[in-house]
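Trainee: What follows is entry-v7.pdb, PDB, C-alpha atoms.
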```pdb
ATOM      1  CA  ASN A   1     -33.988  38.754-120.400
ATOM      2  CA  GLY A   2     -35.488  42.106-121.379
ATOM      3  CA  PHE A   3     -32.168  43.814-122.095
ATOM      4  CA  VAL A   4     -31.052  42.467-125.497
ATOM      5  CA  ASN A   5     -33.071  41.976-128.673
ATOM      6  CA  PRO A   6     -32.936  38.428-130.080
ATOM      7  CA  SER A   7     -30.637  38.129-133.082
ATOM      8  CA  PRO A   8     -32.350  37.140-136.350
ATOM      9  CA  ALA A   9     -31.428  33.736-137.761
ATOM     10  CA  PRO A  10     -28.907  33.965-140.634
ATOM     11  CA  LYS A  11     -30.251  33.334-144.105
ATOM     12  CA  ASN A  12     -28.818  30.445-146.128
ATOM     13  CA  ASN A  13     -28.718  31.556-149.761
ATOM     14  CA  GLY A  14     -26.496  28.727-151.013
ATOM     15  CA  ALA A  15     -23.730  29.274-153.527
ATOM     16  CA  SER A  16     -25.674  31.974-155.354
ATOM     17  CA  GLY A  17     -25.657  34.074-152.230
ATOM     18  CA  THR A  18     -21.897  33.977-151.746
ATOM     19  CA  SER A  19     -21.244  37.380-153.255
ATOM     20  CA  GLU A  20     -24.150  38.894-151.337
ATOM     21  CA  SER A  21     -22.867  37.367-148.104
ATOM     22  CA  ALA A  22     -19.379  38.708-148.728
ATOM     23  CA  SER A  23     -20.798  42.141-149.412
ATOM     24  CA  SER A  24     -22.903  41.931-146.282
ATOM     25  CA  CYS A  25     -19.898  40.919-144.183
ATOM     26  CA  THR A  26     -17.867  43.810-145.541
ATOM     27  CA  SER A  27     -20.672  46.222-144.759
ATOM     28  CA  SER A  28     -21.119  44.814-141.264
ATOM     29  CA  ALA A  29     -17.413  45.041-140.562
ATOM     30  CA  SER A  30     -17.541  48.758-141.230
ATOM     31  CA  LEU A  31     -19.951  49.293-138.354
ATOM     32  CA  SER A  32     -18.430  50.097-135.003
ATOM     33  CA  SER A  33     -18.868  47.626-132.184
ATOM     34  CA  ALA A  34     -20.546  50.360-130.159
ATOM     35  CA  SER A  35     -23.281  50.922-132.730
ATOM     36  CA  LEU A  36     -23.855  47.185-133.074
ATOM     37  CA  ALA A  37     -24.217  46.863-129.327
ATOM     38  CA  ALA A  38     -26.635  49.786-129.200
ATOM     39  CA  GLU A  39     -28.801  48.289-131.942
ATOM     40  CA  SER A  40     -29.014  44.965-130.114
ATOM     41  CA  LEU A  41     -30.240  46.504-126.851
ATOM     42  CA  THR A  42     -33.896  46.842-125.932
ATOM     43  CA  PRO A  43     -35.153  50.191-124.552
ATOM     44  CA  ARG A  44     -34.596  48.778-121.067
ATOM     45  CA  GLY A  45     -31.082  47.711-122.009
ATOM     46  CA  ARG A  46     -30.242  51.150-123.382
ATOM     47  CA  ALA A  47     -31.617  52.775-120.234
ATOM     48  CA  CYS A  48     -29.409  50.581-118.052
ATOM     49  CA  ALA A  49     -26.358  51.142-120.249
ATOM     50  CA  ALA A  50     -26.674  54.914-119.842
ATOM     51  CA  PHE A  51     -25.585  54.763-116.198
ATOM     52  CA  ALA A  52     -21.900  54.323-115.469
ATOM     53  CA  ASP A  53     -22.298  53.793-111.720
ATOM     54  CA  GLY A  54     -24.901  53.497-108.999
ATOM     55  CA  GLN A  55     -26.958  50.405-109.791
ATOM     56  CA  PRO A  56     -27.442  50.603-113.590
ATOM     57  CA  LEU A  57     -29.642  47.500-113.890
ATOM     58  CA  ILE A  58     -32.017  48.730-111.206
ATOM     59  CA  MET A  59     -32.089  52.385-112.237
ATOM     60  CA  GLY A  60     -32.552  51.618-115.920
ATOM     61  CA  THR A  61     -35.282  49.054-115.255
ATOM     62  CA  ILE A  62     -37.278  51.335-112.966
ATOM     63  CA  ILE A  63     -37.088  54.208-115.455
ATOM     64  CA  SER A  64     -37.831  52.176-118.596
ATOM     65  CA  ASP A  65     -40.749  50.397-116.916
ATOM     66  CA  GLY A  66     -42.395  53.762-116.229
ATOM     67  CA  TRP A  67     -42.270  53.746-112.442
ATOM     68  CA  LEU A  68     -41.225  57.397-112.194
ATOM     69  CA  ALA A  69     -44.130  58.686-114.285
ATOM     70  CA  LYS A  70     -46.218  59.864-111.316
ATOM     71  CA  LEU A  71     -43.408  61.353-109.238
ATOM     72  CA  THR A  72     -42.649  65.032-108.794
ATOM     73  CA  LEU A  73     -39.193  66.480-109.399
ATOM     74  CA  PRO A  74     -38.318  66.499-105.654
ATOM     75  CA  GLU A  75     -39.482  62.882-105.394
ATOM     76  CA  VAL A  76     -37.294  61.816-108.324
ATOM     77  CA  CYS A  77     -34.358  63.545-106.629
ATOM     78  CA  ALA A  78     -35.127  61.592-103.460
ATOM     79  CA  TRP A  79     -35.322  58.323-105.430
ATOM     80  CA  ILE A  80     -31.890  58.939-106.944
ATOM     81  CA  CYS A  81     -30.483  59.277-103.426
ATOM     82  CA  LEU A  82     -31.143  55.574-102.873
ATOM     83  CA  PHE A  83     -28.168  54.889-105.125
ATOM     84  CA  LEU A  84     -25.668  57.311-103.573
ATOM     85  CA  ARG A  85     -25.026  55.066-100.559
ATOM     86  CA  GLU A  86     -23.736  57.818 -98.269
ATOM     87  CA  ARG A  87     -23.325  55.725 -95.138
ATOM     88  CA  ARG A  88     -21.830  58.608 -93.175
ATOM     89  CA  LEU A  89     -25.024  60.620 -93.610
ATOM     90  CA  GLN A  90     -27.147  57.610 -92.740
ATOM     91  CA  MET A  91     -25.337  57.102 -89.459
ATOM     92  CA  THR A  92     -25.602  60.723 -88.315
ATOM     93  CA  ALA A  93     -29.096  61.631 -89.535
ATOM     94  CA  MET A  94     -31.087  58.390 -89.327
ATOM     95  CA  GLU A  95     -32.748  59.148 -85.986
ATOM     96  CA  ALA A  96     -33.458  62.779 -86.884
ATOM     97  CA  VAL A  97     -35.251  62.023 -90.160
ATOM     98  CA  ALA A  98     -37.203  59.104 -88.691
ATOM     99  CA  GLU A  99     -39.792  61.584 -87.397
ATOM    100  CA  MET A 100     -40.389  63.139 -90.814
ATOM    101  CA  PRO A 101     -43.730  62.529 -92.582
ATOM    102  CA  PRO A 102     -43.951  59.343 -94.684
ATOM    103  CA  PHE A 103     -43.490  59.405 -98.443
ATOM    104  CA  SER A 104     -46.491  59.846-100.734
ATOM    105  CA  PRO A 105     -48.271  56.637-101.853
ATOM    106  CA  GLU A 106     -46.817  57.020-105.356
ATOM    107  CA  MET A 107     -43.324  57.368-103.960
ATOM    108  CA  GLN A 108     -43.783  54.399-101.653
ATOM    109  CA  GLU A 109     -44.726  52.259-104.662
ATOM    110  CA  VAL A 110     -41.589  53.285-106.546
ATOM    111  CA  PHE A 111     -39.383  52.668-103.534
ATOM    112  CA  ALA A 112     -40.991  49.260-102.965
ATOM    113  CA  ALA A 113     -40.349  48.268-106.593
ATOM    114  CA  THR A 114     -36.757  49.489-106.334
ATOM    115  CA  ILE A 115     -36.129  47.615-103.096
ATOM    116  CA  GLU A 116     -37.655  44.457-104.594
ATOM    117  CA  LEU A 117     -35.227  44.616-107.514
ATOM    118  CA  GLY A 118     -32.431  45.264-105.053
ATOM    119  CA  GLU A 119     -33.274  42.105-103.144
ATOM    120  CA  GLU A 120     -32.925  40.072-106.338
ATOM    121  CA  LEU A 121     -29.436  41.512-106.838
ATOM    122  CA  GLU A 122     -28.571  41.431-103.113
ATOM    123  CA  VAL A 123     -28.441  45.221-102.906
ATOM    124  CA  GLU A 124     -29.661  46.998 -99.774
ATOM    125  CA  PHE A 125     -31.096  50.509 -99.777
ATOM    126  CA  ASP A 126     -31.476  53.139 -97.065
ATOM    127  CA  THR A 127     -33.966  56.024 -97.281
ATOM    128  CA  THR A 128     -32.276  58.436 -94.859
ATOM    129  CA  LEU A 129     -30.676  60.615 -97.524
ATOM    130  CA  SER A 130     -33.821  60.356 -99.656
ATOM    131  CA  LYS A 131     -35.894  61.900 -96.858
ATOM    132  CA  MET A 132     -33.366  64.674 -96.373
ATOM    133  CA  MET A 133     -33.211  65.448-100.090
ATOM    134  CA  LEU A 134     -36.994  65.524-100.435
ATOM    135  CA  ASP A 135     -37.254  67.961 -97.532
ATOM    136  CA  TRP A 136     -34.475  70.120 -98.971
ATOM    137  CA  CYS A 137     -36.059  70.293-102.438
ATOM    138  CA  GLU A 138     -39.485  71.175-101.056
ATOM    139  CA  LYS A 139     -38.587  73.541 -98.195
ATOM    140  CA  LYS A 140     -35.183  74.945 -99.216
ATOM    141  CA  ASP A 141     -34.149  75.536 -95.603
ATOM    142  CA  ILE A 142     -30.461  74.866 -95.005
ATOM    143  CA  ARG A 143     -31.028  75.302 -91.264
ATOM    144  CA  ARG A 144     -33.208  72.185 -91.198
ATOM    145  CA  VAL A 145     -30.459  70.169 -92.857
ATOM    146  CA  ALA A 146     -27.868  71.578 -90.457
ATOM    147  CA  CYS A 147     -29.994  70.452 -87.507
ATOM    148  CA  TRP A 148     -30.032  66.847 -88.733
ATOM    149  CA  LEU A 149     -26.301  66.538 -89.313
ATOM    150  CA  ASP A 150     -23.113  66.925 -87.362
ATOM    151  CA  ALA A 151     -21.401  70.138 -88.434
ATOM    152  CA  HIS A 152     -18.616  68.345 -90.280
ATOM    153  CA  MET A 153     -21.157  66.413 -92.392
ATOM    154  CA  LEU A 154     -22.846  69.383 -94.051
ATOM    155  CA  GLY A 155     -20.261  69.392 -96.819
ATOM    156  CA  VAL A 156     -21.070  65.734 -97.529
ATOM    157  CA  PHE A 157     -24.719  66.663 -98.014
ATOM    158  CA  VAL A 158     -23.758  69.425-100.454
ATOM    159  CA  LYS A 159     -21.682  66.919-102.436
ATOM    160  CA  SER A 160     -24.689  64.595-102.506
ATOM    161  CA  VAL A 161     -26.806  67.383-103.981
ATOM    162  CA  LEU A 162     -24.224  67.868-106.732
ATOM    163  CA  ARG A 163     -24.220  64.139-107.461
ATOM    164  CA  VAL A 164     -28.012  64.179-107.837
ATOM    165  CA  VAL A 165     -27.617  66.992-110.372
ATOM    166  CA  SER A 166     -25.222  64.796-112.365
ATOM    167  CA  TYR A 167     -27.552  61.801-112.207
ATOM    168  CA  LEU A 168     -30.492  63.893-113.397
ATOM    169  CA  ASP A 169     -28.521  64.815-116.509
ATOM    170  CA  VAL A 170     -28.415  61.115-117.368
ATOM    171  CA  VAL A 171     -32.003  60.418-116.283
ATOM    172  CA  ARG A 172     -33.347  63.129-118.584
ATOM    173  CA  GLU A 173     -31.242  61.816-121.458
ATOM    174  CA  VAL A 174     -32.700  58.338-120.897
ATOM    175  CA  LEU A 175     -36.243  59.717-120.751
ATOM    176  CA  LEU A 176     -35.686  61.525-124.024
ATOM    177  CA  GLY A 177     -34.578  58.279-125.650
ATOM    178  CA  LEU A 178     -37.680  56.544-124.296
ATOM    179  CA  HIS A 179     -39.907  59.360-125.624
ATOM    180  CA  GLU A 180     -41.142  60.052-122.094
ATOM    181  CA  PHE A 181     -41.535  63.732-122.852
ATOM    182  CA  GLU A 182     -44.006  64.573-120.073
ATOM    183  CA  LEU A 183     -41.681  63.391-117.318
ATOM    184  CA  TYR A 184     -38.689  64.851-119.161
ATOM    185  CA  ASN A 185     -40.327  68.289-119.077
ATOM    186  CA  ARG A 186     -41.380  67.839-115.458
ATOM    187  CA  LEU A 187     -37.725  67.436-114.511
ATOM    188  CA  ASP A 188     -36.791  70.726-116.143
ATOM    189  CA  HIS A 189     -35.189  73.421-113.948
ATOM    190  CA  TYR A 190     -33.756  70.728-111.685
ATOM    191  CA  THR A 191     -30.602  72.732-111.044
ATOM    192  CA  ASP A 192     -32.696  75.541-109.548
ATOM    193  CA  THR A 193     -34.614  73.057-107.418
ATOM    194  CA  LEU A 194     -31.467  71.436-106.064
ATOM    195  CA  LEU A 195     -28.986  74.300-105.938
ATOM    196  CA  GLY A 196     -31.213  77.334-105.428
ATOM    197  CA  GLY A 197     -30.676  78.663-101.915
ATOM    198  CA  LEU A 198     -27.761  76.350-101.263
ATOM    199  CA  VAL A 199     -25.098  78.997-101.790
ATOM    200  CA  THR A 200     -26.258  81.832 -99.542
ATOM    201  CA  ASN A 201     -24.405  83.942 -97.010
ATOM    202  CA  GLU A 202     -25.687  81.635 -94.300
ATOM    203  CA  SER A 203     -24.811  78.373 -96.025
ATOM    204  CA  LEU A 204     -21.396  79.699 -97.020
ATOM    205  CA  TYR A 205     -20.755  80.629 -93.406
ATOM    206  CA  LEU A 206     -21.717  77.143 -92.268
ATOM    207  CA  LEU A 207     -19.537  75.534 -94.924
ATOM    208  CA  MET A 208     -16.567  77.750 -94.064
ATOM    209  CA  ALA A 209     -17.001  76.927 -90.389
ATOM    210  CA  ASP A 210     -16.953  73.271 -91.361
ATOM    211  CA  GLN A 211     -13.463  73.498 -92.863
TER
END
```
Rewrite the structure of this file - the entire thing - as structure tokens.

Mentor:
Amino acid sequence: NGFVNPSPAPKNNGASGTSESASSCTSSASLSSASLAAESLTPRGRACAAFADGQPLIMGTIISDGWLAKLTLPEVCAWICLFLRERRLQMTAMEAVAEMPPFSPEMQEVFAATIELGEELEVEFDTTLSKMMLDWCEKKDIRRVACWLDAHMLGVFVKSVLRVVSYLDVVREVLLGLHEFELYNRLDHYTDTLLGGLVTNESLYLLMADQ
């Protein structure tokens, strides 16, 4: 199934192998169940297991299969937003972001592959927040975001940004385990990309007015 390595067939050493088998069993028993599980997982399985929420099977598969290799940091941030499922943002900003430019061809391919996996697992995705996050990462203009959302929803967007930061911690850890060093380095400084300019006098004023 692509997630677990096949277990090797046990060796039958007959009576002469009894002591060796006993020794082997004792040694195996000393291993933790966690380490045994980790050893049995394929790279794809380990990538999926790294995520505690979202859609681990989809996220881990897309990452381990190399789909993110051609994306920029802002585009990876936008891809992560597919899994946040902020329906409140979708409802208020869907019409506003519909007029934004389309995603790059590379990003469209990744989104298509993600949506295809989602269909197999009966998971639906919405790109509204992804478009907003991509625009935020590239333009860093809180006024644009404020124009798309009702005033009381700006705090929800800020929380979404913080969740993307948390997800990127895990994504980079997975990439390191997969030896995808080029993409790992490309995602460096992600906190500056996501949070830089978010806490300004203007954004603080908007957030305070939202309380």

Trainee: Just the number, please: distance in Å from CA of Leu187 in chain A to CA of Val161 in chain A, one decimal.

Mentor: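 Taking CA of Leu187 in chain A and CA of Val161 in chain A, their separation equals 15.2 Å.
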
Trainee: What's around range 93-102 of chain A at 8 Å? Count all atoms listed in the file, leave out sequence neighbours fewer than 6 positions away in its own chain, and write the answer as a list of chain:residue names.

Mentor: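 Within the cut-off, the hits are A:Thr128, A:Lys131, A:Met132, A:Trp148, A:Leu149.
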
Trainee: List every protein, DNA or RNA residue that has an atom no more than 12 Å from (-19.3, 67.8, -100.3) in the file's coordinate frame, counting all atoms listed in the file, and report them as a PyMOL selection string.

Mentor: chain A and resi 86+88-89+152-163+207+210-211

Trainee: For the residues selected in the previous step, produce a file with C-alpha atoms as a short mmCIF file (atom, residue, chain, number, x, y, z; two decimals), in the coordinates of the input.

Mentor:
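Output below, filename out.cif:
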```cif
data_model
loop_
_atom_site.label_atom_id
_atom_site.label_comp_id
_atom_site.auth_asym_id
_atom_site.auth_seq_id
_atom_site.Cartn_x
_atom_site.Cartn_y
_atom_site.Cartn_z
CA GLU A 86 -23.74 57.82 -98.27
CA ARG A 88 -21.83 58.61 -93.18
CA LEU A 89 -25.02 60.62 -93.61
CA HIS A 152 -18.62 68.34 -90.28
CA MET A 153 -21.16 66.41 -92.39
CA LEU A 154 -22.85 69.38 -94.05
CA GLY A 155 -20.26 69.39 -96.82
CA VAL A 156 -21.07 65.73 -97.53
CA PHE A 157 -24.72 66.66 -98.01
CA VAL A 158 -23.76 69.42 -100.45
CA LYS A 159 -21.68 66.92 -102.44
CA SER A 160 -24.69 64.60 -102.51
CA VAL A 161 -26.81 67.38 -103.98
CA LEU A 162 -24.22 67.87 -106.73
CA ARG A 163 -24.22 64.14 -107.46
CA LEU A 207 -19.54 75.53 -94.92
CA ASP A 210 -16.95 73.27 -91.36
CA GLN A 211 -13.46 73.50 -92.86
#
```

Trainee: Can you work out the spacing between CA of Gln90 in chain A and CA of Leu129 in chain A in Å, to one decimal?

Mentor: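 Straight-line distance from CA of Gln90 in chain A to CA of Leu129 in chain A works out to 6.7 Å.
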
Trainee: Which one is closest to Leu198 in chain A: A:Val110, A:Leu176, A:Ile142, A:Leu183? Count only C-alpha atoms.

Mentor: A:Ile142

Trainee: Please compute the CA of Leu195 in chain A-CA of Asp65 in chain A distance, one decimal, in Å.

Mentor: 28.8 Å

Trainee: Ranking A:Val123, A:Ala49, A:Met133, A:Leu175 by minimum distance to Val145 in chain A and counting all atoms listed in the file, which one comes first?

Mentor: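 Going through A:Val123, A:Ala49, A:Met133, A:Leu175 one by one, the smallest distance to Val145 in chain A is for A:Met133.
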
Trainee: With only C-alpha atoms as the basis for distance, which of A:Gly197, A:Gly66, A:Gly118, A:Pro74 is at the shortest distance from Gly54 in chain A?

Mentor: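 Looking at the shortest contact to Gly54 in chain A, the residue is A:Gly118.
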
Trainee: Taking the file above as input, evaluate the PyMOL selection byres ((chain A and resi 47) around 12) and report the hits as a VMD selection string.

Mentor: chain A and resid 2 to 4 38 41 to 46 48 to 52 55 to 66 170 to 179

Trainee: Any chance you could export the current selection's C-alpha atoms as a compact mmCIF listing (two decimals), keeping the file's coordinate frame?

Mentor:
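Output saved as result.txt:
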```
# COMPACT_ATOMS: atom_id res chain seq x y z
CA GLY A 2 -35.49 42.11 -121.38
CA PHE A 3 -32.17 43.81 -122.10
CA VAL A 4 -31.05 42.47 -125.50
CA ALA A 38 -26.64 49.79 -129.20
CA LEU A 41 -30.24 46.50 -126.85
CA THR A 42 -33.90 46.84 -125.93
CA PRO A 43 -35.15 50.19 -124.55
CA ARG A 44 -34.60 48.78 -121.07
CA GLY A 45 -31.08 47.71 -122.01
CA ARG A 46 -30.24 51.15 -123.38
CA CYS A 48 -29.41 50.58 -118.05
CA ALA A 49 -26.36 51.14 -120.25
CA ALA A 50 -26.67 54.91 -119.84
CA PHE A 51 -25.58 54.76 -116.20
CA ALA A 52 -21.90 54.32 -115.47
CA GLN A 55 -26.96 50.40 -109.79
CA PRO A 56 -27.44 50.60 -113.59
CA LEU A 57 -29.64 47.50 -113.89
CA ILE A 58 -32.02 48.73 -111.21
CA MET A 59 -32.09 52.38 -112.24
CA GLY A 60 -32.55 51.62 -115.92
CA THR A 61 -35.28 49.05 -115.26
CA ILE A 62 -37.28 51.34 -112.97
CA ILE A 63 -37.09 54.21 -115.46
CA SER A 64 -37.83 52.18 -118.60
CA ASP A 65 -40.75 50.40 -116.92
CA GLY A 66 -42.40 53.76 -116.23
CA VAL A 170 -28.42 61.12 -117.37
CA VAL A 171 -32.00 60.42 -116.28
CA ARG A 172 -33.35 63.13 -118.58
CA GLU A 173 -31.24 61.82 -121.46
CA VAL A 174 -32.70 58.34 -120.90
CA LEU A 175 -36.24 59.72 -120.75
CA LEU A 176 -35.69 61.52 -124.02
CA GLY A 177 -34.58 58.28 -125.65
CA LEU A 178 -37.68 56.54 -124.30
CA HIS A 179 -39.91 59.36 -125.62
```

Trainee: Just the residues within 9 Å of Val76 in chain A, please, counting only C-alpha atoms, with nothing from its chain fewer than 4 positions along; format it as a list in words.

Mentor: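 Everything that qualifies: Leu68, Leu71, Thr72, Ile80, Cys81, Met107, Leu134, Leu168 and Leu187 of chain A.
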
Trainee: Hey, can I get the axis-aligned box for range 89-98 of chain A? All listed atoms, 5 Å padding on each side, centre and edge lengths in Å to one decimal, as AutoDock Vina command-line options.

Mentor:
```
--center_x -31.1 --center_y 59.9 --center_z -89.8 --size_x 22.2 --size_y 15.7 --size_z 17.6
```

Trainee: For each of A:Ala78, A:Phe125, A:Asp150, A:Trp67, take the minimum atom-to-atom distance to Met91 in chain A, counting all atoms listed in the file, then give the residue where this is smallest.

Mentor: A:Asp150

Trainee: Considering all atoms listed in the file, can you say which of A:Gly196, A:Tyr167, A:Arg186, A:Ala69 comes closest to Glu109 in chain A?

Mentor: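 Ranked by minimum distance to Glu109 in chain A, first place goes to A:Ala69.
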
Trainee: Nearest residue to Arg87 in chain A out of A:Phe181, A:Asp126, A:Ser166, A:Thr193, using all atoms listed in the file?

Mentor: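 Under the stated criterion, the closest residue is A:Asp126.
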
Trainee: Would you mind putting back N, CA and C atoms on range 103-131 of chain A, then writing it out as a tab-separated table (two decimals), in the coordinates of the input?

Mentor:
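Final file, selection-v4.tsv:
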```tsv
chain	number	residue	atom	x	y	z
A	103	PHE	N	-43.44	59.07	-97.02
A	103	PHE	CA	-43.49	59.40	-98.44
A	103	PHE	C	-44.93	59.30	-98.96
A	104	SER	N	-45.18	59.94	-100.09
A	104	SER	CA	-46.49	59.85	-100.73
A	104	SER	C	-46.73	58.40	-101.18
A	105	PRO	N	-47.99	58.01	-101.38
A	105	PRO	CA	-48.27	56.64	-101.85
A	105	PRO	C	-47.55	56.30	-103.15
A	106	GLU	N	-47.50	57.27	-104.09
A	106	GLU	CA	-46.82	57.02	-105.36
A	106	GLU	C	-45.33	56.75	-105.13
A	107	MET	N	-44.75	57.53	-104.23
A	107	MET	CA	-43.32	57.37	-103.96
A	107	MET	C	-43.05	56.05	-103.24
A	108	GLN	N	-43.95	55.67	-102.35
A	108	GLN	CA	-43.78	54.40	-101.65
A	108	GLN	C	-43.81	53.23	-102.63
A	109	GLU	N	-44.66	53.32	-103.66
A	109	GLU	CA	-44.73	52.26	-104.66
A	109	GLU	C	-43.41	52.14	-105.42
A	110	VAL	N	-42.85	53.29	-105.80
A	110	VAL	CA	-41.59	53.28	-106.55
A	110	VAL	C	-40.46	52.73	-105.68
A	111	PHE	N	-40.43	53.15	-104.43
A	111	PHE	CA	-39.38	52.67	-103.53
A	111	PHE	C	-39.53	51.17	-103.30
A	112	ALA	N	-40.77	50.69	-103.18
A	112	ALA	CA	-40.99	49.26	-102.96
A	112	ALA	C	-40.51	48.46	-104.17
A	113	ALA	N	-40.80	48.96	-105.38
A	113	ALA	CA	-40.35	48.27	-106.59
A	113	ALA	C	-38.83	48.28	-106.69
A	114	THR	N	-38.22	49.38	-106.30
A	114	THR	CA	-36.76	49.49	-106.33
A	114	THR	C	-36.11	48.54	-105.33
A	115	ILE	N	-36.67	48.50	-104.14
A	115	ILE	CA	-36.13	47.62	-103.10
A	115	ILE	C	-36.30	46.15	-103.49
A	116	GLU	N	-37.42	45.84	-104.14
A	116	GLU	CA	-37.66	44.46	-104.59
A	116	GLU	C	-36.60	44.03	-105.61
A	117	LEU	N	-36.29	44.92	-106.56
A	117	LEU	CA	-35.23	44.62	-107.51
A	117	LEU	C	-33.88	44.48	-106.80
A	118	GLY	N	-33.67	45.33	-105.81
A	118	GLY	CA	-32.43	45.26	-105.05
A	118	GLY	C	-32.26	43.94	-104.34
A	119	GLU	N	-33.35	43.40	-103.83
A	119	GLU	CA	-33.27	42.10	-103.14
A	119	GLU	C	-32.85	41.00	-104.10
A	120	GLU	N	-33.31	41.08	-105.35
A	120	GLU	CA	-32.92	40.07	-106.34
A	120	GLU	C	-31.43	40.13	-106.63
A	121	LEU	N	-30.86	41.33	-106.55
A	121	LEU	CA	-29.44	41.51	-106.84
A	121	LEU	C	-28.60	41.62	-105.56
A	122	GLU	N	-29.24	41.37	-104.42
A	122	GLU	CA	-28.57	41.43	-103.11
A	122	GLU	C	-28.00	42.82	-102.85
A	123	VAL	N	-28.81	43.83	-103.15
A	123	VAL	CA	-28.44	45.22	-102.91
A	123	VAL	C	-29.39	45.78	-101.86
A	124	GLU	N	-28.85	46.41	-100.83
A	124	GLU	CA	-29.66	47.00	-99.77
A	124	GLU	C	-29.73	48.51	-99.96
A	125	PHE	N	-30.89	49.07	-99.64
A	125	PHE	CA	-31.10	50.51	-99.78
A	125	PHE	C	-31.48	51.12	-98.43
A	126	ASP	N	-31.11	52.38	-98.26
A	126	ASP	CA	-31.48	53.14	-97.06
A	126	ASP	C	-32.13	54.45	-97.52
A	127	THR	N	-33.20	54.85	-96.84
A	127	THR	CA	-33.97	56.02	-97.28
A	127	THR	C	-33.63	57.30	-96.52
A	128	THR	N	-32.60	57.26	-95.67
A	128	THR	CA	-32.28	58.44	-94.86
A	128	THR	C	-31.96	59.65	-95.73
A	129	LEU	N	-31.04	59.50	-96.66
A	129	LEU	CA	-30.68	60.62	-97.52
A	129	LEU	C	-31.84	61.01	-98.42
A	130	SER	N	-32.65	60.05	-98.82
A	130	SER	CA	-33.82	60.36	-99.66
A	130	SER	C	-34.78	61.30	-98.93
A	131	LYS	N	-35.01	61.04	-97.64
A	131	LYS	CA	-35.89	61.90	-96.86
A	131	LYS	C	-35.31	63.30	-96.72
```
